[in-house]
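Q: Contents of input-v7.cif (mmCIF, C-alpha atoms):
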```cif
data_coords
loop_
_atom_site.group_PDB
_atom_site.id
_atom_site.type_symbol
_atom_site.label_atom_id
_atom_site.label_comp_id
_atom_site.auth_asym_id
_atom_site.auth_seq_id
_atom_site.Cartn_x
_atom_site.Cartn_y
_atom_site.Cartn_z
ATOM 1 C CA MET G 190 0.000 0.000 0.000
ATOM 2 C CA GLN G 191 2.803 2.392 0.868
ATOM 3 C CA ARG G 192 4.610 1.713 -2.419
ATOM 4 C CA ARG G 193 1.404 2.200 -4.456
ATOM 5 C CA SER G 194 0.628 5.416 -2.583
ATOM 6 C CA PHE G 195 4.134 6.721 -3.237
ATOM 7 C CA ILE G 196 3.889 5.976 -6.978
ATOM 8 C CA ALA G 197 0.453 7.635 -7.157
ATOM 9 C CA LEU G 198 1.876 10.679 -5.408
ATOM 10 C CA LEU G 199 4.732 10.900 -7.904
ATOM 11 C CA CYS G 200 2.324 10.578 -10.843
ATOM 12 C CA GLY G 201 0.114 13.286 -9.395
ATOM 13 C CA ALA G 202 3.092 15.585 -8.858
ATOM 14 C CA ALA G 203 4.178 15.069 -12.476
ATOM 15 C CA ALA G 204 0.716 16.173 -13.624
ATOM 16 C CA TRP G 205 0.639 19.377 -11.537
ATOM 17 C CA PRO G 206 2.391 21.640 -14.086
ATOM 18 C CA VAL G 207 0.022 20.486 -16.844
ATOM 19 C CA ALA G 208 -3.028 21.073 -14.640
ATOM 20 C CA ALA G 209 -1.747 24.494 -13.645
ATOM 21 C CA ARG G 210 -1.218 25.422 -17.262
ATOM 22 C CA SER G 211 -4.693 24.242 -18.275
ATOM 23 C CA GLN G 212 -6.300 26.389 -15.566
ATOM 24 C CA THR G 213 -4.414 29.625 -16.274
ATOM 25 C CA VAL G 214 -6.791 32.529 -15.716
ATOM 26 C CA ARG G 215 -6.595 35.420 -18.158
ATOM 27 C CA ARG G 216 -7.493 38.918 -17.017
ATOM 28 C CA ILE G 217 -9.535 41.565 -18.841
ATOM 29 C CA GLY G 218 -9.866 45.120 -17.564
ATOM 30 C CA LEU G 219 -12.925 47.102 -18.665
ATOM 31 C CA LEU G 220 -13.132 50.888 -18.287
ATOM 32 C CA LEU G 221 -16.718 51.980 -18.960
ATOM 33 C CA ALA G 222 -18.039 55.496 -19.594
ATOM 34 C CA SER G 223 -21.099 55.583 -17.346
ATOM 35 C CA GLU G 224 -22.257 54.980 -13.821
ATOM 36 C CA GLU G 225 -22.725 51.354 -12.772
ATOM 37 C CA ARG G 226 -26.499 51.800 -12.442
ATOM 38 C CA ASP G 227 -26.869 52.863 -16.093
ATOM 39 C CA SER G 228 -29.150 50.335 -17.807
ATOM 40 C CA GLU G 229 -27.721 50.914 -21.287
ATOM 41 C CA MET G 230 -24.152 50.232 -20.219
ATOM 42 C CA ARG G 231 -25.244 47.213 -18.186
ATOM 43 C CA ALA G 232 -26.821 45.826 -21.366
ATOM 44 C CA ARG G 233 -23.570 46.416 -23.274
ATOM 45 C CA LEU G 234 -21.506 44.700 -20.594
ATOM 46 C CA THR G 235 -23.873 41.726 -20.460
ATOM 47 C CA ALA G 236 -23.716 41.369 -24.250
ATOM 48 C CA PHE G 237 -19.913 41.411 -24.135
ATOM 49 C CA GLN G 238 -19.775 38.817 -21.357
ATOM 50 C CA GLU G 239 -22.249 36.506 -23.093
ATOM 51 C CA ALA G 240 -20.349 36.778 -26.368
ATOM 52 C CA MET G 241 -17.105 35.927 -24.567
ATOM 53 C CA ARG G 242 -18.754 32.812 -23.121
ATOM 54 C CA THR G 243 -19.697 31.628 -26.598
ATOM 55 C CA LEU G 244 -16.005 31.933 -27.513
ATOM 56 C CA GLY G 245 -14.991 29.689 -24.625
ATOM 57 C CA TRP G 246 -14.192 32.235 -21.924
ATOM 58 C CA THR G 247 -15.954 31.613 -18.608
ATOM 59 C CA ILE G 248 -16.032 34.391 -16.030
ATOM 60 C CA GLY G 249 -14.694 32.992 -12.777
ATOM 61 C CA GLY G 250 -13.222 30.069 -14.723
ATOM 62 C CA ASN G 251 -10.557 30.772 -17.315
ATOM 63 C CA VAL G 252 -11.067 34.542 -17.365
ATOM 64 C CA GLN G 253 -11.498 37.308 -14.813
ATOM 65 C CA MET G 254 -13.073 40.656 -15.667
ATOM 66 C CA ASP G 255 -12.187 43.747 -13.660
ATOM 67 C CA VAL G 256 -14.834 46.374 -14.406
ATOM 68 C CA ARG G 257 -14.504 50.053 -13.519
ATOM 69 C CA TRP G 258 -17.099 52.792 -14.169
ATOM 70 C CA PHE G 259 -16.048 56.403 -14.634
ATOM 71 C CA GLY G 260 -19.298 58.153 -15.548
ATOM 72 C CA GLY G 261 -17.715 60.447 -18.146
ATOM 73 C CA SER G 262 -15.268 61.968 -15.635
ATOM 74 C CA SER G 263 -11.693 62.186 -16.924
ATOM 75 C CA GLU G 264 -10.331 62.251 -13.361
ATOM 76 C CA ARG G 265 -12.162 59.063 -12.420
ATOM 77 C CA ALA G 266 -11.178 57.469 -15.729
ATOM 78 C CA GLU G 267 -7.492 58.100 -15.067
ATOM 79 C CA ALA G 268 -7.714 56.819 -11.484
ATOM 80 C CA HIS G 269 -9.492 53.643 -12.603
ATOM 81 C CA ALA G 270 -7.072 53.158 -15.501
ATOM 82 C CA ARG G 271 -4.222 53.099 -12.989
ATOM 83 C CA GLU G 272 -6.125 50.586 -10.851
ATOM 84 C CA ILE G 273 -6.721 48.300 -13.819
ATOM 85 C CA ALA G 274 -3.119 48.519 -15.033
ATOM 86 C CA ALA G 275 -1.862 47.603 -11.538
ATOM 87 C CA LEU G 276 -3.879 44.361 -11.669
ATOM 88 C CA GLY G 277 -1.754 43.066 -14.542
ATOM 89 C CA PRO G 278 -4.431 42.575 -17.234
ATOM 90 C CA ASP G 279 -3.816 40.657 -20.450
ATOM 91 C CA VAL G 280 -5.992 43.159 -22.331
ATOM 92 C CA ILE G 281 -7.798 46.404 -21.497
ATOM 93 C CA VAL G 282 -11.123 47.425 -23.076
ATOM 94 C CA ALA G 283 -11.675 51.191 -22.864
ATOM 95 C CA ASN G 284 -15.001 52.797 -23.726
ATOM 96 C CA ALA G 285 -15.211 56.306 -25.263
ATOM 97 C CA THR G 286 -12.539 58.890 -26.001
ATOM 98 C CA VAL G 287 -12.091 59.758 -22.325
ATOM 99 C CA GLY G 288 -11.550 56.085 -21.510
ATOM 100 C CA ILE G 289 -8.859 55.387 -24.094
ATOM 101 C CA GLU G 290 -7.095 58.668 -23.280
ATOM 102 C CA ALA G 291 -6.916 57.604 -19.628
ATOM 103 C CA VAL G 292 -5.514 54.172 -20.468
ATOM 104 C CA LEU G 293 -2.854 55.504 -22.839
ATOM 105 C CA LYS G 294 -1.734 58.013 -20.224
ATOM 106 C CA THR G 295 -1.250 55.077 -17.855
ATOM 107 C CA THR G 296 0.223 52.324 -20.028
ATOM 108 C CA ARG G 297 1.098 51.514 -23.608
ATOM 109 C CA SER G 298 2.512 48.071 -22.864
ATOM 110 C CA VAL G 299 -0.850 46.331 -22.295
ATOM 111 C CA PRO G 300 -2.862 45.320 -25.397
ATOM 112 C CA THR G 301 -5.767 47.774 -25.524
ATOM 113 C CA LEU G 302 -9.088 47.832 -27.347
ATOM 114 C CA PHE G 303 -11.139 51.040 -27.580
ATOM 115 C CA LEU G 304 -14.897 51.035 -28.122
ATOM 116 C CA ILE G 305 -17.109 53.788 -29.569
ATOM 117 C CA VAL G 306 -14.400 56.392 -30.149
ATOM 118 C CA GLY G 307 -15.229 59.110 -32.644
ATOM 119 C CA ASN G 308 -11.902 60.136 -34.148
ATOM 120 C CA PRO G 309 -9.190 57.556 -33.351
ATOM 121 C CA VAL G 310 -6.734 58.702 -36.032
ATOM 122 C CA GLY G 311 -7.250 62.443 -35.525
ATOM 123 C CA SER G 312 -6.941 61.992 -31.770
ATOM 124 C CA GLY G 313 -3.644 60.148 -32.187
ATOM 125 C CA PHE G 314 -4.764 56.827 -30.726
ATOM 126 C CA VAL G 315 -3.790 54.955 -33.905
ATOM 127 C CA PRO G 316 -1.894 56.127 -37.001
ATOM 128 C CA SER G 317 -4.231 54.344 -39.411
ATOM 129 C CA MET G 318 -7.606 52.626 -39.380
ATOM 130 C CA SER G 319 -6.452 49.764 -41.588
ATOM 131 C CA ARG G 320 -3.016 49.392 -39.984
ATOM 132 C CA PRO G 321 -3.230 50.628 -36.407
ATOM 133 C CA GLY G 322 0.165 49.174 -35.414
ATOM 134 C CA GLY G 323 1.429 49.385 -31.866
ATOM 135 C CA ASN G 324 -0.617 47.927 -29.040
ATOM 136 C CA VAL G 325 -3.984 49.554 -29.725
ATOM 137 C CA THR G 326 -6.978 48.894 -31.970
ATOM 138 C CA GLY G 327 -10.731 49.039 -31.590
ATOM 139 C CA PHE G 328 -14.121 50.106 -32.855
ATOM 140 C CA SER G 329 -14.728 53.652 -34.030
ATOM 141 C CA ALA G 330 -17.986 55.547 -33.741
ATOM 142 C CA PHE G 331 -19.329 58.193 -36.083
ATOM 143 C CA GLU G 332 -17.779 59.418 -39.291
ATOM 144 C CA PRO G 333 -18.068 63.221 -39.592
ATOM 145 C CA GLU G 334 -20.446 62.890 -42.544
ATOM 146 C CA ILE G 335 -23.206 61.668 -40.226
ATOM 147 C CA VAL G 336 -23.822 65.270 -39.137
ATOM 148 C CA GLY G 337 -25.395 65.957 -42.533
ATOM 149 C CA ARG G 338 -27.856 63.142 -41.945
ATOM 150 C CA TRP G 339 -28.761 64.537 -38.517
ATOM 151 C CA ILE G 340 -29.554 67.936 -40.031
ATOM 152 C CA GLN G 341 -31.496 66.295 -42.863
ATOM 153 C CA VAL G 342 -33.813 64.352 -40.534
ATOM 154 C CA LEU G 343 -34.362 67.465 -38.422
ATOM 155 C CA LYS G 344 -35.470 69.365 -41.537
ATOM 156 C CA GLU G 345 -37.763 66.498 -42.508
ATOM 157 C CA ILE G 346 -39.504 66.200 -39.155
ATOM 158 C CA ALA G 347 -39.469 69.966 -38.427
ATOM 159 C CA PRO G 348 -39.536 71.768 -41.807
ATOM 160 C CA ASP G 349 -39.385 75.203 -40.154
ATOM 161 C CA THR G 350 -35.885 74.498 -38.819
ATOM 162 C CA ARG G 351 -33.636 77.468 -39.620
ATOM 163 C CA HIS G 352 -30.988 77.265 -36.915
ATOM 164 C CA VAL G 353 -29.306 74.188 -35.467
ATOM 165 C CA SER G 354 -27.531 74.346 -32.122
ATOM 166 C CA VAL G 355 -24.925 71.600 -31.776
ATOM 167 C CA LEU G 356 -24.537 70.480 -28.153
ATOM 168 C CA SER G 357 -20.834 69.683 -28.001
ATOM 169 C CA TYR G 358 -18.132 68.442 -25.644
ATOM 170 C CA PRO G 359 -14.299 68.368 -25.797
ATOM 171 C CA GLY G 360 -13.048 65.683 -28.151
ATOM 172 C CA TYR G 361 -15.924 66.043 -30.625
ATOM 173 C CA GLU G 362 -14.732 69.153 -32.434
ATOM 174 C CA PHE G 363 -13.953 67.038 -35.508
ATOM 175 C CA LEU G 364 -17.705 66.914 -36.190
ATOM 176 C CA TRP G 365 -18.112 70.678 -36.173
ATOM 177 C CA GLU G 366 -16.653 71.513 -39.612
ATOM 178 C CA LYS G 367 -18.973 68.977 -41.214
ATOM 179 C CA ALA G 368 -21.899 70.427 -39.258
ATOM 180 C CA GLU G 369 -21.218 73.921 -40.557
ATOM 181 C CA ALA G 370 -20.849 72.767 -44.155
ATOM 182 C CA ALA G 371 -23.905 70.481 -44.076
ATOM 183 C CA ALA G 372 -26.065 73.173 -42.476
ATOM 184 C CA ALA G 373 -25.025 75.772 -45.043
ATOM 185 C CA ALA G 374 -25.842 73.363 -47.886
ATOM 186 C CA MET G 375 -29.385 73.076 -46.484
ATOM 187 C CA SER G 376 -29.767 76.817 -45.840
ATOM 188 C CA VAL G 377 -29.610 76.334 -42.089
ATOM 189 C CA ALA G 378 -27.462 78.306 -39.652
ATOM 190 C CA ALA G 379 -25.420 76.318 -37.134
ATOM 191 C CA THR G 380 -23.819 77.180 -33.805
ATOM 192 C CA MET G 381 -21.551 74.960 -31.716
ATOM 193 C CA MET G 382 -22.528 75.180 -28.053
ATOM 194 C CA PRO G 383 -20.341 73.288 -25.562
ATOM 195 C CA ALA G 384 -21.696 72.097 -22.214
ATOM 196 C CA TYR G 385 -19.730 70.512 -19.383
ATOM 197 C CA ASN G 386 -22.428 69.807 -16.794
ATOM 198 C CA ALA G 387 -26.190 69.677 -16.264
ATOM 199 C CA THR G 388 -26.463 73.420 -15.555
ATOM 200 C CA GLU G 389 -24.769 74.292 -18.837
ATOM 201 C CA ILE G 390 -26.994 71.807 -20.688
ATOM 202 C CA GLU G 391 -30.025 73.727 -19.403
ATOM 203 C CA GLN G 392 -28.528 77.025 -20.559
ATOM 204 C CA VAL G 393 -27.753 75.678 -24.032
ATOM 205 C CA ILE G 394 -31.255 74.307 -24.543
ATOM 206 C CA ALA G 395 -32.884 77.535 -23.367
ATOM 207 C CA THR G 396 -30.702 79.521 -25.799
ATOM 208 C CA ALA G 397 -31.334 77.110 -28.673
ATOM 209 C CA ALA G 398 -35.100 77.201 -28.115
ATOM 210 C CA ALA G 399 -35.133 81.012 -28.122
ATOM 211 C CA ARG G 400 -33.806 81.129 -31.688
ATOM 212 C CA PRO G 401 -36.508 81.322 -34.389
ATOM 213 C CA GLY G 402 -36.725 77.957 -36.121
ATOM 214 C CA GLY G 403 -34.364 76.492 -33.550
ATOM 215 C CA ALA G 404 -33.455 72.800 -33.334
ATOM 216 C CA LEU G 405 -30.836 70.769 -31.495
ATOM 217 C CA ILE G 406 -28.203 68.162 -32.352
ATOM 218 C CA VAL G 407 -26.733 66.248 -29.399
ATOM 219 C CA LEU G 408 -23.259 64.839 -29.992
ATOM 220 C CA PRO G 409 -22.326 61.368 -28.640
ATOM 221 C CA ALA G 410 -20.414 62.382 -25.504
ATOM 222 C CA PRO G 411 -20.743 60.135 -22.424
ATOM 223 C CA MET G 412 -21.746 63.143 -20.323
ATOM 224 C CA PHE G 413 -24.796 63.671 -22.518
ATOM 225 C CA SER G 414 -25.669 59.978 -22.382
ATOM 226 C CA SER G 415 -25.599 60.157 -18.594
ATOM 227 C CA ASN G 416 -27.994 63.119 -18.751
ATOM 228 C CA ARG G 417 -30.323 61.750 -21.434
ATOM 229 C CA GLU G 418 -33.498 61.983 -19.321
ATOM 230 C CA LEU G 419 -32.679 65.616 -18.514
ATOM 231 C CA LEU G 420 -32.025 66.396 -22.177
ATOM 232 C CA ALA G 421 -35.290 64.825 -23.321
ATOM 233 C CA ARG G 422 -37.263 66.595 -20.597
ATOM 234 C CA LEU G 423 -35.750 70.017 -21.300
ATOM 235 C CA ALA G 424 -36.188 69.694 -25.066
ATOM 236 C CA ALA G 425 -39.847 68.789 -24.529
ATOM 237 C CA SER G 426 -40.512 71.634 -22.086
ATOM 238 C CA HIS G 427 -38.902 74.157 -24.449
ATOM 239 C CA ARG G 428 -40.659 72.604 -27.468
ATOM 240 C CA LEU G 429 -37.308 72.147 -29.170
ATOM 241 C CA PRO G 430 -36.954 69.504 -31.928
ATOM 242 C CA ALA G 431 -33.817 67.466 -31.303
ATOM 243 C CA VAL G 432 -31.944 64.569 -32.846
ATOM 244 C CA TYR G 433 -29.798 62.294 -30.703
ATOM 245 C CA PRO G 434 -26.928 59.900 -31.555
ATOM 246 C CA PHE G 435 -28.342 56.742 -29.953
ATOM 247 C CA ARG G 436 -31.649 54.928 -29.527
ATOM 248 C CA TYR G 437 -31.592 55.064 -25.735
ATOM 249 C CA PHE G 438 -32.089 58.845 -25.870
ATOM 250 C CA VAL G 439 -35.415 58.185 -27.603
ATOM 251 C CA THR G 440 -36.530 55.546 -25.127
ATOM 252 C CA ALA G 441 -35.763 58.179 -22.452
ATOM 253 C CA GLY G 442 -38.313 60.480 -24.105
ATOM 254 C CA GLY G 443 -36.298 62.151 -26.887
ATOM 255 C CA LEU G 444 -37.792 62.928 -30.297
ATOM 256 C CA MET G 445 -35.578 60.829 -32.581
ATOM 257 C CA SER G 446 -32.150 59.321 -33.055
ATOM 258 C CA TYR G 447 -29.972 58.306 -35.934
ATOM 259 C CA GLY G 448 -27.039 56.117 -35.000
ATOM 260 C CA PHE G 449 -25.686 52.622 -34.582
ATOM 261 C CA ASP G 450 -26.463 49.808 -32.149
ATOM 262 C CA THR G 451 -24.047 50.277 -29.239
ATOM 263 C CA VAL G 452 -24.797 46.853 -27.757
ATOM 264 C CA ASP G 453 -23.789 45.259 -31.062
ATOM 265 C CA ILE G 454 -20.395 47.008 -30.881
ATOM 266 C CA PHE G 455 -19.725 45.365 -27.513
ATOM 267 C CA LYS G 456 -20.720 41.976 -28.920
ATOM 268 C CA ARG G 457 -18.366 42.401 -31.853
ATOM 269 C CA ALA G 458 -15.579 43.534 -29.537
ATOM 270 C CA SER G 459 -15.524 40.080 -27.939
ATOM 271 C CA GLY G 460 -14.081 38.667 -31.150
ATOM 272 C CA TYR G 461 -11.082 40.996 -31.002
ATOM 273 C CA VAL G 462 -10.528 40.349 -27.290
ATOM 274 C CA ASP G 463 -10.607 36.598 -27.983
ATOM 275 C CA ARG G 464 -8.041 36.941 -30.765
ATOM 276 C CA ILE G 465 -5.747 39.064 -28.574
ATOM 277 C CA LEU G 466 -5.972 36.587 -25.689
ATOM 278 C CA ARG G 467 -5.047 33.819 -28.126
ATOM 279 C CA GLY G 468 -1.901 35.641 -29.208
ATOM 280 C CA GLU G 469 -2.733 38.074 -32.019
ATOM 281 C CA LYS G 470 -1.330 41.598 -31.827
ATOM 282 C CA PRO G 471 -3.771 44.524 -31.598
ATOM 283 C CA GLY G 472 -1.755 46.458 -34.167
ATOM 284 C CA ASP G 473 -2.463 43.744 -36.758
ATOM 285 C CA LEU G 474 -6.239 44.057 -36.295
ATOM 286 C CA PRO G 475 -7.799 46.910 -38.316
ATOM 287 C CA VAL G 476 -10.016 49.427 -36.561
ATOM 288 C CA GLN G 477 -13.624 48.548 -37.312
ATOM 289 C CA ALA G 478 -16.497 50.963 -37.931
ATOM 290 C CA PRO G 479 -20.227 50.555 -37.277
ATOM 291 C CA THR G 480 -21.915 48.502 -39.977
ATOM 292 C CA LYS G 481 -25.563 49.503 -39.584
ATOM 293 C CA PHE G 482 -27.289 52.781 -38.734
ATOM 294 C CA GLU G 483 -30.898 53.096 -37.586
ATOM 295 C CA LEU G 484 -33.472 55.885 -37.488
ATOM 296 C CA VAL G 485 -35.725 55.739 -34.404
ATOM 297 C CA ILE G 486 -38.719 58.086 -33.997
ATOM 298 C CA ASN G 487 -40.790 58.752 -30.881
ATOM 299 C CA LEU G 488 -44.313 59.582 -32.088
ATOM 300 C CA LYS G 489 -45.495 60.620 -28.630
ATOM 301 C CA ALA G 490 -42.700 63.175 -28.396
ATOM 302 C CA ALA G 491 -43.464 64.389 -31.926
ATOM 303 C CA ARG G 492 -47.136 64.958 -31.089
ATOM 304 C CA ALA G 493 -46.189 66.843 -27.911
ATOM 305 C CA LEU G 494 -44.069 69.179 -30.052
ATOM 306 C CA GLY G 495 -46.909 69.641 -32.551
ATOM 307 C CA LEU G 496 -44.978 67.896 -35.323
ATOM 308 C CA ASN G 497 -46.626 65.776 -37.976
ATOM 309 C CA VAL G 498 -44.391 62.910 -39.036
ATOM 310 C CA SER G 499 -44.952 62.264 -42.721
ATOM 311 C CA PRO G 500 -45.697 58.780 -44.067
ATOM 312 C CA ALA G 501 -42.479 59.008 -46.074
ATOM 313 C CA MET G 502 -40.436 59.621 -42.938
ATOM 314 C CA LEU G 503 -42.213 56.846 -41.047
ATOM 315 C CA ALA G 504 -41.331 54.536 -43.920
ATOM 316 C CA GLN G 505 -37.657 55.458 -43.478
ATOM 317 C CA ALA G 506 -37.688 54.680 -39.749
ATOM 318 C CA ASP G 507 -36.217 51.420 -38.527
ATOM 319 C CA GLU G 508 -38.239 51.727 -35.328
ATOM 320 C CA VAL G 509 -41.238 53.835 -34.317
ATOM 321 C CA ILE G 510 -41.972 54.252 -30.616
ATOM 322 C CA GLU G 511 -45.630 54.979 -29.918
#
```
Write out the structure in this file as structure tokens.
A:
Amino acid sequence: MQRRSFIALLCGAAAWPVAARSQTVRRIGLLLASEERDSEMRARLTAFQEAMRTLGWTIGGNVQMDVRWFGGSSERAEAHAREIAALGPDVIVANATVGIEAVLKTTRSVPTLFLIVGNPVGSGFVPSMSRPGGNVTGFSAFEPEIVGRWIQVLKEIAPDTRHVSVLSYPGYEFLWEKAEAAAAAMSVAATMMPAYNATEIEQVIATAAARPGGALIVLPAPMFSSNRELLARLAASHRLPAVYPFRYFVTAGGLMSYGFDTVDIFKRASGYVDRILRGEKPGDLPVQAPTKFELVINLKAARALGLNVSPAMLAQADEVIE
């Protein structure tokens, strides 16, 4: 019995390195541009986690996810980026321009994937969309040309629109030149109006509504996403037609949106994270852009503003909220 036990012990010891290797846990850090209670971002995170499971990565099994929420604050983003980097992740996923800026200030040695970033080349995050090189790649957001579509749908739903106020935030200036040009082509004046907090949002909307034929474009900054209920409520109370970048502004009471499916971006991101964890270099993976854009219209909000949505515009809509 003693001899058999000794042999079994030796065999077990020989197998330990193999077992240890087979149970190596990989680590993913996620830096997300909202508060933890935000339902939209929770849906994105869930979609990412479920997609990772389908690729063979089990949370609490062969992968650990360290999630940090910064709510659009650059200070919190930088603090959380340092926390994540100190944990020794195999890959970092950073949401929004503020998120990727915070990570790159902290480390450039960890493979990093950005999600929903508007101007990755112009901002210096990657030198090229097709050949990002280095240790960074990701999924871009809006091309500047989308501003023309926002102005077009505003003119369609509110034909009296003569002046568009563009609610802006640092990092989104690249959209402004296109806004000016597109507005001029449609005989509409345009003014860029930055806002940094809820009080300034209120001031911008009051000013925009006071202009004859005024309308509003909301750019896709995380701070505006966090204040989407406020934006929808203020636009309604000031009877100001507005177009938003994402569907969840409309479900919060906004008039309409034209943009891409943000949850789908997080699903698609799982494929890149999987490839990086399996040894591919981020710099060899081209930056991807949204593949489908959707027009969503809130008929209740339109009626409250006294707007008649034409059958032609309803036919264009991918979704109509009653």
Q: By how many Å are atom CA of Ala404 of chain G and atom CA of Ser228 of chain G apart?
A: 27.6 Å
Q: Would you list the contacts of Gln477 of chain G as a PyMOL selection string, taking every protein, DNA or RNA residue within 8 Å and counting all atoms listed in the file, but skipping same-chain residues closer than 3 positions in sequence?
A: chain G and resi 318+327-329
Q: Once you count only C-alpha atoms, which residues end up no further than 10 Å from (-22.2, 58.2, -21.3) in the file's frame, shown as a VMD selection string?
A: chain G and resid 221 to 224 227 229 to 230 259 to 262 284 to 285 409 to 417
Q: Mind checking which residues fall within 7 Å of Tyr358 of chain G, counting all atoms listed in the file, ignoring those fewer than 6 positions away in the same chain, and posting them as a count of residues only?
A: 4
Q: Using only C-alpha atoms, can you tell me which of G:Phe237, G:Tyr447, G:Tyr437, G:Phe363 comes closest to Arg338 of chain G?
A: G:Tyr447
Q: Can you spell out as a PyMOL selection string the set of residues that the PyMOL selection byres ((chain G and resi 213-219) around 7) selects in the structure I just provided?
A: chain G and resi 209-212+220-221+250-257+273+278-283
Q: Every residue with an atom at most 9 Å from (-29.8, 76.3, -32.5) (file coordinates; all atoms listed in the file) is what I'm after, so could you write them as a list in words?
A: Thr350, Arg351, His352, Val353, Ser354, Val355, Leu356, Ala378, Ala379, Thr380, Met381, Met382, Val393, Ile394, Thr396, Ala397, Ala398, Ala399, Arg400, Pro401, Gly402, Gly403, Ala404, Leu405 and Ile406 of chain G
Q: If you measure from atom CA of Ile340 of chain G to atom CA of Val432 of chain G, what distance in Å do you get, rounded to one decimal?
A: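 Pair atom CA of Ile340 of chain G / atom CA of Val432 of chain G returns 8.3 Å.
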Q: Could you tell me which residues the PyMOL selection byres ((chain G and resi 511) around 12) returns for this structure, as a PyMOL selection string?
A: chain G and resi 439-440+442+444-445+485-492+503+508-510
Q: Mind checking which residues fall within 10 Å of Ala268 of chain G, counting all atoms listed in the file, ignoring those fewer than 3 positions away in the same chain, and posting them as a list of chain:residue names?
A: G:Arg257, G:Phe259, G:Ser263, G:Glu264, G:Arg265, G:Arg271, G:Glu272, G:Ile273, G:Ala291, G:Val292, G:Thr295
Q: Between G:Leu343, G:Ile289, G:Leu420, G:Val498, which has the minimum distance to Leu304 of chain G (counting only C-alpha atoms)?
A: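 The answer is G:Ile289, which sits nearest to Leu304 of chain G.
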Q: Could you pull segment 297-310 of chain G out of the structure I just pasted and write it to a file containing N, CA and C atoms, as a tab-separated table (two decimals), in the first residue's frame?
A:
```tsv
chain	number	residue	atom	x	y	z
G	297	ARG	N	1.15	51.86	-22.19
G	297	ARG	CA	1.10	51.51	-23.61
G	297	ARG	C	1.66	50.11	-23.84
G	298	SER	N	1.94	49.41	-22.74
G	298	SER	CA	2.51	48.07	-22.86
G	298	SER	C	1.43	46.99	-22.83
G	299	VAL	N	0.23	47.32	-22.37
G	299	VAL	CA	-0.85	46.33	-22.29
G	299	VAL	C	-1.69	46.41	-23.57
G	300	PRO	N	-1.97	45.29	-24.23
G	300	PRO	CA	-2.86	45.32	-25.40
G	300	PRO	C	-4.18	45.98	-25.03
G	301	THR	N	-4.60	46.94	-25.86
G	301	THR	CA	-5.77	47.77	-25.52
G	301	THR	C	-6.73	47.87	-26.69
G	302	LEU	N	-8.02	47.76	-26.36
G	302	LEU	CA	-9.09	47.83	-27.35
G	302	LEU	C	-10.01	48.98	-26.96
G	303	PHE	N	-10.20	49.96	-27.87
G	303	PHE	CA	-11.14	51.04	-27.58
G	303	PHE	C	-12.48	50.75	-28.25
G	304	LEU	N	-13.54	51.23	-27.61
G	304	LEU	CA	-14.90	51.04	-28.12
G	304	LEU	C	-15.64	52.37	-28.20
G	305	ILE	N	-16.27	52.61	-29.33
G	305	ILE	CA	-17.11	53.79	-29.57
G	305	ILE	C	-16.31	55.06	-29.35
G	306	VAL	N	-15.27	55.21	-30.16
G	306	VAL	CA	-14.40	56.39	-30.15
G	306	VAL	C	-14.55	57.10	-31.49
G	307	GLY	N	-14.83	58.39	-31.44
G	307	GLY	CA	-15.23	59.11	-32.64
G	307	GLY	C	-14.14	59.39	-33.65
G	308	ASN	N	-12.93	59.67	-33.22
G	308	ASN	CA	-11.90	60.14	-34.15
G	308	ASN	C	-10.55	59.53	-33.77
G	309	PRO	N	-10.40	58.21	-33.87
G	309	PRO	CA	-9.19	57.56	-33.35
G	309	PRO	C	-7.90	57.98	-34.04
G	310	VAL	N	-7.95	58.27	-35.34
G	310	VAL	CA	-6.73	58.70	-36.03
G	310	VAL	C	-6.43	60.16	-35.70
```
